[in-house]
Amino acid sequence: MLNIVLFGAPGCGKGTQAAKLVEKYNLNHISTGAVIRSEISAQTELGKSMEAYISRGELAPDSLVIDIVTDYIDRHRDANGNIFDGFPRTVAQAKVLETIGGVDVALAIEVPDEAIVHRMAGRRTCPKCNATYHIVNNPPATEGVCDKCGESLGIRRDDAPEVVLQRLRVYHDQTEPVMHHYAAK
Ligand code: ADP
Ligand code: ZN
């Protein structure tokens with residue numbers, strides 16, 4: 001089993017690049033953010049307990065995120081490996097990864113904060129299949145409609161400018177140290 005972790009600030013393009021790697025190498029794509037959003041839209045107990053954190057741009061509690069990941073791994077033991085998109089984001093989460101096979105490859109996508117803020121302002125997301133678009137840089141064929149599944153596109157609540165700034169702060173404070181740990185290895 002190959003474990004790949006992907007680092008990068010919110011909106012840097014982690015999800016887009018992960019989808020390409022998944023297709024090329026037959027990997028599981030584990031996006032903790034996408035799982036959390038689907039739990040919230042289904043209004044499960046788990047989703048409800050995480051909603052307030054996500055809408056403020058803060059991290060969901062480690063214990064809940066770790067449960068999501070270990071559960072996912074248990075149910076998907078078939079592929080060539082896993083690509084973790086948005087995990088680990090804290091030192092505690094990185095420790096858990098060591099117990100489920102460790103990390104073979106760590107990739108970082110570096111984008112300046114100013115570019116992130118600009119990109120997020122024009123981001124549109126498909127609530128059904130998670131495809132993302134940008135109104136100028138990567139528009140769908142028909143305005144407001146997902147190319148992949150035909151669903152109406154929306155704006156993620158946590159893509160509001162003030163929440164994006166908070167997500168960037170959290171990334172620099174809590175997740176970059178984890179990335180530096182892998183860089184040093
Ligand atoms: P982005 O990388 O663009 O911020 P994600 O979809 O990866 O988007 O995450 C969205 C939100 O979900 C985060 O701001 C955070 O609140 C929560 N989240 C996602 N992954 C984790 C994680 N590993 N640990 C804690 N919270 C997470
Ligand atoms: Zn879609």
# chains A, B, ... in the order shown; residues from 1 in each chain; ligands from 1
call {"tool": "select_by_dssp", "arguments": {"residues": "segment 2-119 of chain A", "states": "strand (DSSP E or B)", "output": "PyMOL selection string"}}
result
chain A and resi 2-8+28-31+81-85+105-109
call {"tool": "residues_near_ligand", "arguments": {"ligand": "ligand 2", "cutoff": "10 Å", "atoms": "only C-alpha atoms and all ligand atoms", "output": "ChimeraX atom specification"}}
result
/A:125-132,145-153
call {"tool": "atom_distance", "arguments": {"atom1": "atom CA of Arg123 of chain A", "atom2": "atom CA of Arg37 of chain A"}}
result
16.1 Å
call {"tool": "residues_near_ligand", "arguments": {"ligand": "ligand 1", "cutoff": "7 Å", "atoms": "only C-alpha atoms and all ligand atoms", "output": "list in words"}}
result
Ala9, Pro10, Gly11, Ser31, Thr32, Gly33, Ala34, Ile36, Tyr53, Ile54, Gly57, Glu58, Leu59, Ala60, Pro61, Asp62, Val65, Asp85, Gly86, Phe87, Pro88, Arg89, Thr90 and Arg167 of chain A
call {"tool": "write_last_selection", "arguments": {"atoms": "N, CA and C atoms", "output": "PDB file, in the first residue's frame"}}
result
ATOM      1  N   ALA A   9      -2.291  25.141   1.028  1.00  0.00           N
ATOM      2  CA  ALA A   9      -3.277  26.029   1.649  1.00  0.00           C
ATOM      3  C   ALA A   9      -4.662  25.771   1.056  1.00  0.00           C
ATOM      4  N   PRO A  10      -5.710  26.191   1.761  1.00  0.00           N
ATOM      5  CA  PRO A  10      -7.063  26.036   1.219  1.00  0.00           C
ATOM      6  C   PRO A  10      -7.155  26.688  -0.160  1.00  0.00           C
ATOM      7  N   GLY A  11      -7.719  25.963  -1.118  1.00  0.00           N
ATOM      8  CA  GLY A  11      -7.895  26.550  -2.445  1.00  0.00           C
ATOM      9  C   GLY A  11      -6.663  26.505  -3.324  1.00  0.00           C
ATOM     10  N   SER A  31     -10.632  12.588   0.902  1.00  0.00           N
ATOM     11  CA  SER A  31     -10.705  14.015   1.188  1.00  0.00           C
ATOM     12  C   SER A  31     -11.521  14.177   2.460  1.00  0.00           C
ATOM     13  N   THR A  32     -10.841  14.495   3.561  1.00  0.00           N
ATOM     14  CA  THR A  32     -11.569  14.634   4.827  1.00  0.00           C
ATOM     15  C   THR A  32     -12.579  15.780   4.733  1.00  0.00           C
ATOM     16  N   GLY A  33     -12.213  16.852   4.010  1.00  0.00           N
ATOM     17  CA  GLY A  33     -13.144  17.982   3.859  1.00  0.00           C
ATOM     18  C   GLY A  33     -14.421  17.543   3.146  1.00  0.00           C
ATOM     19  N   ALA A  34     -14.282  16.732   2.086  1.00  0.00           N
ATOM     20  CA  ALA A  34     -15.471  16.281   1.335  1.00  0.00           C
ATOM     21  C   ALA A  34     -16.341  15.375   2.200  1.00  0.00           C
ATOM     22  N   ILE A  36     -16.563  15.450   5.479  1.00  0.00           N
ATOM     23  CA  ILE A  36     -17.193  16.320   6.479  1.00  0.00           C
ATOM     24  C   ILE A  36     -18.371  17.081   5.858  1.00  0.00           C
ATOM     25  N   TYR A  53     -17.487  24.411  13.592  1.00  0.00           N
ATOM     26  CA  TYR A  53     -16.046  24.593  13.360  1.00  0.00           C
ATOM     27  C   TYR A  53     -15.784  24.972  11.906  1.00  0.00           C
ATOM     28  N   ILE A  54     -16.399  24.198  11.000  1.00  0.00           N
ATOM     29  CA  ILE A  54     -16.137  24.378   9.566  1.00  0.00           C
ATOM     30  C   ILE A  54     -16.602  25.749   9.103  1.00  0.00           C
ATOM     31  N   GLY A  57     -14.152  28.379   9.819  1.00  0.00           N
ATOM     32  CA  GLY A  57     -12.823  28.229   9.213  1.00  0.00           C
ATOM     33  C   GLY A  57     -11.826  27.577  10.138  1.00  0.00           C
ATOM     34  N   GLU A  58     -12.340  26.942  11.206  1.00  0.00           N
ATOM     35  CA  GLU A  58     -11.446  26.250  12.137  1.00  0.00           C
ATOM     36  C   GLU A  58     -11.399  24.764  11.814  1.00  0.00           C
ATOM     37  N   LEU A  59     -10.447  24.055  12.405  1.00  0.00           N
ATOM     38  CA  LEU A  59     -10.359  22.622  12.175  1.00  0.00           C
ATOM     39  C   LEU A  59     -11.411  21.882  12.981  1.00  0.00           C
ATOM     40  N   ALA A  60     -11.915  20.798  12.424  1.00  0.00           N
ATOM     41  CA  ALA A  60     -12.786  19.907  13.179  1.00  0.00           C
ATOM     42  C   ALA A  60     -11.919  19.188  14.227  1.00  0.00           C
ATOM     43  N   PRO A  61     -12.523  18.725  15.336  1.00  0.00           N
ATOM     44  CA  PRO A  61     -11.739  18.067  16.389  1.00  0.00           C
ATOM     45  C   PRO A  61     -11.009  16.825  15.861  1.00  0.00           C
ATOM     46  N   ASP A  62      -9.755  16.656  16.317  1.00  0.00           N
ATOM     47  CA  ASP A  62      -8.933  15.523  15.868  1.00  0.00           C
ATOM     48  C   ASP A  62      -9.643  14.186  16.006  1.00  0.00           C
ATOM     49  N   VAL A  65     -12.114  13.516  13.193  1.00  0.00           N
ATOM     50  CA  VAL A  65     -11.469  13.369  11.883  1.00  0.00           C
ATOM     51  C   VAL A  65     -10.714  12.036  11.808  1.00  0.00           C
ATOM     52  N   ASP A  85      -6.026  13.841   1.024  1.00  0.00           N
ATOM     53  CA  ASP A  85      -6.206  15.218   0.555  1.00  0.00           C
ATOM     54  C   ASP A  85      -6.817  16.006   1.719  1.00  0.00           C
ATOM     55  N   GLY A  86      -5.952  16.764   2.400  1.00  0.00           N
ATOM     56  CA  GLY A  86      -6.457  17.518   3.556  1.00  0.00           C
ATOM     57  C   GLY A  86      -6.283  16.776   4.875  1.00  0.00           C
ATOM     58  N   PHE A  87      -5.425  15.806   4.917  1.00  0.00           N
ATOM     59  CA  PHE A  87      -5.116  15.026   6.117  1.00  0.00           C
ATOM     60  C   PHE A  87      -3.685  14.522   5.976  1.00  0.00           C
ATOM     61  N   PRO A  88      -2.834  14.584   6.992  1.00  0.00           N
ATOM     62  CA  PRO A  88      -3.073  15.128   8.323  1.00  0.00           C
ATOM     63  C   PRO A  88      -2.916  16.644   8.360  1.00  0.00           C
ATOM     64  N   ARG A  89      -3.689  17.284   9.219  1.00  0.00           N
ATOM     65  CA  ARG A  89      -3.597  18.732   9.372  1.00  0.00           C
ATOM     66  C   ARG A  89      -3.037  19.126  10.725  1.00  0.00           C
ATOM     67  N   THR A  90      -2.853  18.171  11.611  1.00  0.00           N
ATOM     68  CA  THR A  90      -2.278  18.461  12.934  1.00  0.00           C
ATOM     69  C   THR A  90      -1.254  17.370  13.260  1.00  0.00           C
ATOM     70  N   ARG A 167      -9.022  30.394   7.536  1.00  0.00           N
ATOM     71  CA  ARG A 167      -8.504  29.082   7.109  1.00  0.00           C
ATOM     72  C   ARG A 167      -7.013  29.190   6.764  1.00  0.00           C
TER      73      ARG A 167
END
call {"tool": "closest_atom_pairs", "arguments": {"of": "segment 140-183 of chain A", "to": "segment 2-5 of chain A", "cutoff": "12 Å", "atoms": "only C-alpha atoms", "output": "Markdown table"}}
result
| residue | atom | partner | partner_atom | distance |
| --- | --- | --- | --- | --- |
| A:Val178 | CA | A:Val5 | CA | 10.9 |
| A:Met179 | CA | A:Val5 | CA | 9.4 |
| A:Tyr182 | CA | A:Val5 | CA | 9.6 |
| A:Ala183 | CA | A:Val5 | CA | 11.7 |
call {"tool": "write_last_selection", "arguments": {"atoms": "N, CA, C and O atoms", "output": "PDB file, in the first residue's frame"}}
result
ATOM      1  N   VAL A 178       3.407  20.439  10.287  1.00  0.00           N
ATOM      2  CA  VAL A 178       3.319  19.015   9.934  1.00  0.00           C
ATOM      3  C   VAL A 178       4.020  18.787   8.590  1.00  0.00           C
ATOM      4  O   VAL A 178       4.780  17.832   8.409  1.00  0.00           O
ATOM      5  N   MET A 179       3.780  19.697   7.654  1.00  0.00           N
ATOM      6  CA  MET A 179       4.429  19.610   6.336  1.00  0.00           C
ATOM      7  C   MET A 179       5.963  19.690   6.493  1.00  0.00           C
ATOM      8  O   MET A 179       6.692  18.920   5.868  1.00  0.00           O
ATOM      9  N   TYR A 182       7.542  16.389   7.442  1.00  0.00           N
ATOM     10  CA  TYR A 182       7.768  15.452   6.330  1.00  0.00           C
ATOM     11  C   TYR A 182       8.900  15.952   5.421  1.00  0.00           C
ATOM     12  O   TYR A 182       9.679  15.154   4.906  1.00  0.00           O
ATOM     13  N   ALA A 183       8.980  17.258   5.233  1.00  0.00           N
ATOM     14  CA  ALA A 183      10.050  17.811   4.384  1.00  0.00           C
ATOM     15  C   ALA A 183      11.424  17.445   4.971  1.00  0.00           C
ATOM     16  O   ALA A 183      12.355  17.096   4.242  1.00  0.00           O
TER      17      ALA A 183
END
call {"tool": "atom_distance", "arguments": {"atom1": "atom CA of Gly154 of chain A", "atom2": "atom CA of Ala19 of chain A"}}
result
19.9 Å
call {"tool": "residues_around", "arguments": {"residues": "Gln17 of chain A", "least_positions_apart": "3", "cutoff": "10 Å", "atoms": "only C-alpha atoms", "output": "list in words"}}
result
Leu6, Cys12, Gly13, Lys14, Lys20, Leu21, Val22, Asp85 and Ile109 of chain A
call {"tool": "write_last_selection", "arguments": {"atoms": "N, CA, C and O atoms", "output": "mmCIF file, in the first residue's frame"}}
result
data_model
loop_
_atom_site.group_PDB
_atom_site.id
_atom_site.type_symbol
_atom_site.label_atom_id
_atom_site.label_comp_id
_atom_site.auth_asym_id
_atom_site.auth_seq_id
_atom_site.Cartn_x
_atom_site.Cartn_y
_atom_site.Cartn_z
ATOM 1 N N LEU A 6 -0.966 15.038 0.706
ATOM 2 C CA LEU A 6 -0.944 16.249 -0.109
ATOM 3 C C LEU A 6 -1.137 17.449 0.807
ATOM 4 O O LEU A 6 -2.130 17.528 1.526
ATOM 5 N N CYS A 12 -5.626 25.774 -2.910
ATOM 6 C CA CYS A 12 -4.401 25.742 -3.730
ATOM 7 C C CYS A 12 -4.545 24.804 -4.917
ATOM 8 O O CYS A 12 -3.725 24.817 -5.828
ATOM 9 N N GLY A 13 -5.561 23.944 -4.895
ATOM 10 C CA GLY A 13 -5.743 22.986 -5.986
ATOM 11 C C GLY A 13 -5.448 21.550 -5.588
ATOM 12 O O GLY A 13 -5.289 20.681 -6.445
ATOM 13 N N LYS A 14 -5.412 21.283 -4.294
ATOM 14 C CA LYS A 14 -5.162 19.910 -3.804
ATOM 15 C C LYS A 14 -6.166 18.916 -4.385
ATOM 16 O O LYS A 14 -5.791 17.857 -4.857
ATOM 17 N N LYS A 20 -6.471 13.800 -10.346
ATOM 18 C CA LYS A 20 -5.639 13.334 -11.465
ATOM 19 C C LYS A 20 -4.767 12.148 -11.060
ATOM 20 O O LYS A 20 -4.624 11.179 -11.812
ATOM 21 N N LEU A 21 -4.189 12.227 -9.868
ATOM 22 C CA LEU A 21 -3.323 11.137 -9.395
ATOM 23 C C LEU A 21 -4.132 9.863 -9.172
ATOM 24 O O LEU A 21 -3.681 8.756 -9.475
ATOM 25 N N VAL A 22 -5.334 10.040 -8.650
ATOM 26 C CA VAL A 22 -6.219 8.909 -8.373
ATOM 27 C C VAL A 22 -6.503 8.132 -9.653
ATOM 28 O O VAL A 22 -6.439 6.902 -9.693
ATOM 29 N N ASP A 85 -6.026 13.841 1.024
ATOM 30 C CA ASP A 85 -6.206 15.218 0.555
ATOM 31 C C ASP A 85 -6.817 16.006 1.719
ATOM 32 O O ASP A 85 -7.990 15.872 2.014
ATOM 33 N N ILE A 109 1.822 21.749 -2.480
ATOM 34 C CA ILE A 109 1.504 22.705 -3.546
ATOM 35 C C ILE A 109 1.577 24.085 -2.916
ATOM 36 O O ILE A 109 0.839 24.380 -1.975
#
call {"tool": "closest_residue", "arguments": {"among": "A:Phe84, A:Asn28, A:Gln166, A:Leu64", "to": "Ala108 of chain A", "atoms": "only C-alpha atoms"}}
result
A:Phe84
call {"tool": "select_by_dssp", "arguments": {"residues": "chain A", "states": "alpha helix (DSSP H)", "output": "ChimeraX atom specification"}}
result
/A:14-25,32-41,45-56,62-75,91-99,113-121,161-170,176-184
call {"tool": "decode", "arguments": {"residues": "segment 111-158 of chain A", "atoms": "N, CA and C atoms", "output": "compact mmCIF listing (two decimals), in the first residue's frame"}}
result
# COMPACT_ATOMS: atom_id res chain seq x y z
N VAL A 111 1.21 28.06 -3.02
CA VAL A 111 0.55 29.18 -3.71
C VAL A 111 0.54 30.35 -2.72
N PRO A 112 0.95 31.55 -3.17
CA PRO A 112 0.94 32.70 -2.26
C PRO A 112 -0.47 33.02 -1.74
N ASP A 113 -0.55 33.50 -0.50
CA ASP A 113 -1.84 33.81 0.11
C ASP A 113 -2.70 34.75 -0.74
N GLU A 114 -2.07 35.75 -1.37
CA GLU A 114 -2.86 36.72 -2.16
C GLU A 114 -3.57 36.02 -3.31
N ALA A 115 -2.87 35.05 -3.93
CA ALA A 115 -3.47 34.33 -5.05
C ALA A 115 -4.63 33.46 -4.56
N ILE A 116 -4.46 32.89 -3.36
CA ILE A 116 -5.52 32.07 -2.77
C ILE A 116 -6.79 32.90 -2.58
N VAL A 117 -6.61 34.07 -2.00
CA VAL A 117 -7.76 34.94 -1.71
C VAL A 117 -8.50 35.27 -3.01
N HIS A 118 -7.74 35.56 -4.06
CA HIS A 118 -8.33 35.88 -5.35
C HIS A 118 -9.08 34.68 -5.93
N ARG A 119 -8.44 33.51 -5.87
CA ARG A 119 -9.06 32.30 -6.43
C ARG A 119 -10.34 31.93 -5.73
N MET A 120 -10.31 32.02 -4.39
CA MET A 120 -11.47 31.57 -3.62
C MET A 120 -12.68 32.46 -3.86
N ALA A 121 -12.40 33.73 -4.20
CA ALA A 121 -13.51 34.66 -4.43
C ALA A 121 -14.32 34.23 -5.65
N GLY A 122 -13.68 33.51 -6.59
CA GLY A 122 -14.41 33.10 -7.80
C GLY A 122 -14.70 31.61 -7.85
N ARG A 123 -14.49 30.92 -6.74
CA ARG A 123 -14.67 29.47 -6.78
C ARG A 123 -16.14 29.07 -6.73
N ARG A 124 -16.51 28.10 -7.53
CA ARG A 124 -17.84 27.50 -7.48
C ARG A 124 -17.65 26.00 -7.32
N THR A 125 -18.51 25.38 -6.52
CA THR A 125 -18.34 23.97 -6.19
C THR A 125 -19.61 23.19 -6.45
N CYS A 126 -19.46 21.97 -6.94
CA CYS A 126 -20.62 21.10 -7.14
C CYS A 126 -20.93 20.38 -5.83
N PRO A 127 -22.12 20.59 -5.28
CA PRO A 127 -22.45 19.95 -4.00
C PRO A 127 -22.63 18.44 -4.12
N LYS A 128 -22.80 17.96 -5.37
CA LYS A 128 -23.06 16.53 -5.56
C LYS A 128 -21.78 15.72 -5.77
N CYS A 129 -20.93 16.17 -6.73
CA CYS A 129 -19.75 15.36 -7.05
C CYS A 129 -18.44 16.02 -6.62
N ASN A 130 -18.52 17.22 -5.97
CA ASN A 130 -17.33 17.89 -5.45
C ASN A 130 -16.41 18.51 -6.50
N ALA A 131 -16.80 18.49 -7.78
CA ALA A 131 -15.98 19.16 -8.79
C ALA A 131 -15.92 20.65 -8.48
N THR A 132 -14.78 21.29 -8.77
CA THR A 132 -14.69 22.74 -8.51
C THR A 132 -14.37 23.48 -9.81
N TYR A 133 -14.84 24.72 -9.85
CA TYR A 133 -14.67 25.58 -11.02
C TYR A 133 -14.25 26.96 -10.54
N HIS A 134 -13.82 27.80 -11.50
CA HIS A 134 -13.57 29.20 -11.18
C HIS A 134 -14.26 30.03 -12.25
N ILE A 135 -14.98 31.05 -11.85
CA ILE A 135 -15.80 31.79 -12.82
C ILE A 135 -14.99 32.35 -13.99
N VAL A 136 -13.68 32.66 -13.79
CA VAL A 136 -12.86 33.18 -14.88
C VAL A 136 -11.84 32.15 -15.38
N ASN A 137 -11.09 31.54 -14.45
CA ASN A 137 -9.97 30.66 -14.84
C ASN A 137 -10.39 29.29 -15.33
N ASN A 138 -11.53 28.80 -14.84
CA ASN A 138 -11.94 27.43 -15.16
C ASN A 138 -13.46 27.31 -15.13
N PRO A 139 -14.13 28.07 -16.05
CA PRO A 139 -15.59 28.09 -15.98
C PRO A 139 -16.21 26.80 -16.53
N PRO A 140 -17.38 26.41 -16.03
CA PRO A 140 -18.08 25.27 -16.63
C PRO A 140 -18.62 25.65 -18.01
N ALA A 141 -18.95 24.65 -18.84
CA ALA A 141 -19.45 24.92 -20.20
C ALA A 141 -20.72 25.77 -20.16
N THR A 142 -21.62 25.44 -19.23
CA THR A 142 -22.85 26.23 -19.04
C THR A 142 -22.75 26.90 -17.68
N GLU A 143 -22.95 28.22 -17.66
CA GLU A 143 -22.79 28.96 -16.41
C GLU A 143 -23.64 28.36 -15.29
N GLY A 144 -23.00 28.10 -14.14
CA GLY A 144 -23.74 27.64 -12.97
C GLY A 144 -24.11 26.17 -12.96
N VAL A 145 -23.63 25.40 -13.96
CA VAL A 145 -24.00 23.98 -14.03
C VAL A 145 -22.74 23.11 -14.07
N CYS A 146 -22.73 22.04 -13.29
CA CYS A 146 -21.57 21.15 -13.24
C CYS A 146 -21.41 20.38 -14.56
N ASP A 147 -20.20 20.45 -15.16
CA ASP A 147 -19.92 19.71 -16.41
C ASP A 147 -20.03 18.21 -16.20
N LYS A 148 -19.66 17.75 -15.02
CA LYS A 148 -19.54 16.31 -14.79
C LYS A 148 -20.87 15.64 -14.49
N CYS A 149 -21.75 16.33 -13.72
CA CYS A 149 -22.97 15.62 -13.29
C CYS A 149 -24.26 16.42 -13.50
N GLY A 150 -24.15 17.68 -13.97
CA GLY A 150 -25.35 18.45 -14.29
C GLY A 150 -26.01 19.16 -13.12
N GLU A 151 -25.46 18.99 -11.91
CA GLU A 151 -26.02 19.64 -10.72
C GLU A 151 -25.75 21.16 -10.77
N SER A 152 -26.60 21.94 -10.09
CA SER A 152 -26.35 23.39 -9.99
C SER A 152 -25.16 23.64 -9.07
N LEU A 153 -24.26 24.53 -9.49
CA LEU A 153 -23.08 24.84 -8.68
C LEU A 153 -23.43 25.81 -7.56
N GLY A 154 -22.65 25.73 -6.49
CA GLY A 154 -22.88 26.63 -5.37
C GLY A 154 -21.56 27.23 -4.88
N ILE A 155 -21.68 28.09 -3.86
CA ILE A 155 -20.50 28.66 -3.22
C ILE A 155 -20.42 28.06 -1.82
N ARG A 156 -19.29 27.45 -1.50
CA ARG A 156 -19.14 26.90 -0.15
C ARG A 156 -19.21 28.02 0.88
N ARG A 157 -19.93 27.77 1.97
CA ARG A 157 -20.07 28.82 2.99
C ARG A 157 -18.71 29.25 3.52
N ASP A 158 -17.79 28.28 3.63
CA ASP A 158 -16.48 28.65 4.17
C ASP A 158 -15.56 29.27 3.12
